[in-house]
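S.K.: Pasting target.txt below, which is compact mmCIF, C-alpha atoms and all ligand atoms.
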# COMPACT_ATOMS: atom_id res chain seq x y z
CA MET A 690 10.23 -15.83 -34.77
CA SER A 691 7.49 -15.03 -32.24
CA LYS A 692 7.30 -16.79 -28.87
CA PRO A 693 4.84 -19.67 -28.61
CA ARG A 694 1.64 -18.66 -26.88
CA SER A 695 -0.32 -20.33 -24.09
CA LYS A 696 -3.99 -20.14 -23.18
CA VAL A 697 -4.92 -19.40 -19.58
CA PHE A 698 -8.51 -20.12 -18.61
CA PHE A 699 -9.85 -18.57 -15.39
CA VAL A 700 -12.70 -20.79 -14.23
CA LEU A 701 -14.32 -18.26 -11.89
CA GLU A 702 -14.77 -15.62 -14.59
CA ASP A 703 -15.16 -18.02 -17.54
CA LEU A 704 -12.36 -15.98 -19.10
CA GLU A 705 -9.68 -17.20 -21.50
CA VAL A 706 -6.60 -15.16 -22.37
CA GLU A 707 -3.63 -15.94 -24.58
CA VAL A 708 -0.17 -15.00 -23.36
CA PRO A 709 3.43 -15.53 -24.43
CA HIS A 710 4.95 -18.76 -23.15
CA GLY A 711 6.79 -18.07 -19.87
CA THR A 712 4.57 -15.23 -18.62
CA LYS A 713 4.14 -15.07 -14.84
CA LEU A 714 0.58 -15.79 -13.71
CA SER A 715 0.61 -12.56 -11.70
CA GLU A 716 1.22 -10.63 -14.96
CA VAL A 717 -1.59 -12.51 -16.70
CA VAL A 718 -3.94 -11.59 -13.86
CA GLU A 719 -2.90 -7.94 -13.95
CA ALA A 720 -3.39 -7.69 -17.71
CA SER A 721 -6.69 -9.59 -17.83
CA GLY A 722 -8.40 -8.31 -14.68
CA ALA A 723 -9.04 -11.87 -13.47
CA ASP A 724 -10.15 -11.99 -9.85
CA ILE A 725 -7.09 -13.29 -8.02
CA THR A 726 -5.73 -11.29 -5.10
CA PHE A 727 -2.00 -11.06 -4.44
CA GLY A 728 -0.52 -10.03 -1.12
CA CYS A 729 3.20 -10.53 -0.59
CA LYS A 730 4.04 -11.84 -4.09
CA SER A 731 6.92 -13.67 -2.45
CA GLY A 732 5.26 -16.97 -1.57
CA THR A 733 4.67 -16.36 2.13
CA CYS A 734 1.05 -15.21 2.65
CA GLY A 735 -1.13 -17.67 0.69
CA THR A 736 -3.52 -14.99 -0.60
CA CYS A 737 -2.90 -16.08 -4.18
CA ARG A 738 -3.58 -19.80 -3.63
CA VAL A 739 -5.12 -21.39 -6.73
CA ARG A 740 -6.26 -24.82 -7.90
CA VAL A 741 -4.85 -25.95 -11.21
CA VAL A 742 -7.92 -27.55 -12.74
CA ASP A 743 -6.07 -28.59 -15.89
CA GLY A 744 -2.54 -28.31 -17.23
CA ASN A 745 -0.46 -28.69 -14.07
CA ARG A 746 2.42 -30.01 -16.21
CA ASN A 747 2.32 -26.71 -18.14
CA LEU A 748 3.50 -24.61 -15.20
CA SER A 749 7.01 -23.92 -14.00
CA ALA A 750 7.90 -26.36 -11.21
CA PRO A 751 7.39 -25.33 -7.58
CA THR A 752 10.45 -24.41 -5.56
CA PRO A 753 11.07 -26.36 -2.35
CA GLU A 754 9.94 -23.23 -0.44
CA GLU A 755 6.60 -23.12 -2.30
CA ARG A 756 6.13 -26.86 -1.75
CA ASP A 757 6.84 -26.51 1.98
CA PHE A 758 4.49 -23.55 2.38
CA LEU A 759 1.65 -25.28 0.51
CA SER A 760 2.14 -28.37 2.59
CA SER A 761 1.97 -26.27 5.79
CA LEU A 762 -1.45 -25.05 4.54
CA GLY A 763 -2.59 -28.62 3.95
CA ALA A 764 -2.94 -27.90 0.22
CA ALA A 765 -3.83 -30.64 -2.26
CA ASP A 766 -1.42 -31.71 -5.03
CA ASP A 767 -3.23 -29.59 -7.61
CA GLU A 768 -2.81 -26.35 -5.66
CA ARG A 769 -0.15 -23.69 -6.28
CA LEU A 770 0.72 -20.18 -5.22
CA GLY A 771 -0.27 -17.90 -8.09
CA CYS A 772 2.65 -15.55 -7.48
CA GLN A 773 5.21 -18.34 -7.84
CA PHE A 774 4.86 -19.79 -11.32
CA CYS A 775 5.10 -19.04 -15.02
CA VAL A 776 2.75 -20.35 -17.66
CA LEU A 777 4.48 -22.75 -20.05
CA GLY A 778 1.43 -24.13 -21.89
CA ASP A 779 -2.37 -24.21 -21.74
CA VAL A 780 -3.80 -24.20 -18.23
CA SER A 781 -7.08 -23.75 -16.31
CA ILE A 782 -6.94 -21.95 -12.99
CA ASP A 783 -9.49 -21.64 -10.18
CA TYR A 784 -8.99 -19.17 -7.34
CA ILE A 785 -9.04 -20.45 -3.76
CA GLY A 786 -7.40 -17.64 -1.76
CA SER A 787 -6.16 -17.92 1.80
S1 LIG A 801 0.89 -13.30 -2.93
FE1 LIG A 801 1.55 -14.05 -1.01
S2 LIG A 801 1.93 -16.14 -1.40
FE2 LIG A 801 1.45 -15.32 -3.37
As structure tokens, what does this structure read like?
M.R.:
Amino acid sequence: MSKPRSKVFFVLEDLEVEVPHGTKLSEVVEASGADITFGCKSGTCGTCRVRVVDGNRNLSAPTPEERDFLSSLGAADDERLGCQFCVLGDVSIDYIGS
């Protein structure tokens, strides 16, 4: 049986891509060419900061480290680090950056 698929919509580019459930956002970006820049890919630089416009519940949960770092940036509740989550359902993403 094939894996369920999720739709990722990138607001900035008006681009929608379909990916297997559980794909890392960084892999979706790489494959689709969406305009999100990654620096450290380890949750410590903030370059990949995004706003989850829709579907926040469809992402893997933030680790305490991601939560702490976002809070140190003064990030809103709908913001995440793009290098730190997997897509578990349909979601819309807007790029903020650092
Ligand atoms: S790439 Fe550095 S925090 Fe995501």
S.K.: Under the rule that all atoms listed in the file are counted, which of A:His710, A:Gly778, A:Asp757, A:Phe699 is the nearest residue to Gly744 of chain A?
M.R.: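 The answer is A:Gly778, which sits nearest to Gly744 of chain A.
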S.K.: Do you know which residues are within 7 Å of ligand LIG 801 (chain A) using only C-alpha atoms and all ligand atoms? Can you write them as a ChimeraX atom specification?
M.R.: /A:727-738,770-773
S.K.: For Ser781 of chain A, which residue out of A:Ala765, A:Leu714, A:Val741, A:Leu701 is the nearest one, using only C-alpha atoms?
M.R.: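 So, comparing all the options, the nearest one is A:Val741.
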S.K.: A:Val780, A:Glu754, A:Gly763, A:Leu748: which is nearest Glu707 of chain A, counting only C-alpha atoms?
M.R.: A:Val780
S.K.: I'd like the neighbourhood of Ile782 of chain A as a count of residues only, where a residue qualifies if any of its atoms comes within 8 Å (using only C-alpha atoms), though same-chain residues fewer than 3 positions away should be ignored.
M.R.: 9
S.K.: Check the smallest atom-to-atom distance from each of A:Thr752, A:Asn747, A:Ser691, A:Ser760 to Asp779 of chain A using only C-alpha atoms, then report the winner.
M.R.: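 Ranked by minimum distance to Asp779 of chain A, first place goes to A:Asn747.
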S.K.: Residues proximal to (-4.2, -10.0, -20.2) were defined as those with any atom within 12 Å of that point in the file's coordinates, counting only C-alpha atoms. Which are they, as a PyMOL selection string?
M.R.: chain A and resi 695-699+704-709+712-723
S.K.: So how many Å separate atom CA of Arg694 of chain A and atom CA of Leu759 of chain A, to one decimal?
M.R.: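 If I compute the distance from atom CA of Arg694 of chain A to atom CA of Leu759 of chain A, I get 28.2 Å.
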S.K.: By how many Å are atom CA of Arg746 of chain A and atom CA of Ile725 of chain A apart?
M.R.: 20.9 Å
S.K.: Quick one, how far is atom CA of Ser787 of chain A from atom CA of Phe774 of chain A?
M.R.: 17.2 Å
S.K.: Quick one: what's the axis-aligned box for segment 693-697 of chain A, all listed atoms, 8 Å on every side, centre and edges in Å to one decimal, as JSON?
M.R.:
{"center_x": 0.0, "center_y": -19.5, "center_z": -24.1, "size_x": 25.8, "size_y": 17.7, "size_z": 25.0}
S.K.: In terms of the shortest atom-to-atom distance over only C-alpha atoms, which of A:Pro693, A:Arg756, A:Asp703, A:Thr726 is closest to Ile785 of chain A?
M.R.: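 Closest residue, counting only C-alpha atoms: A:Thr726.
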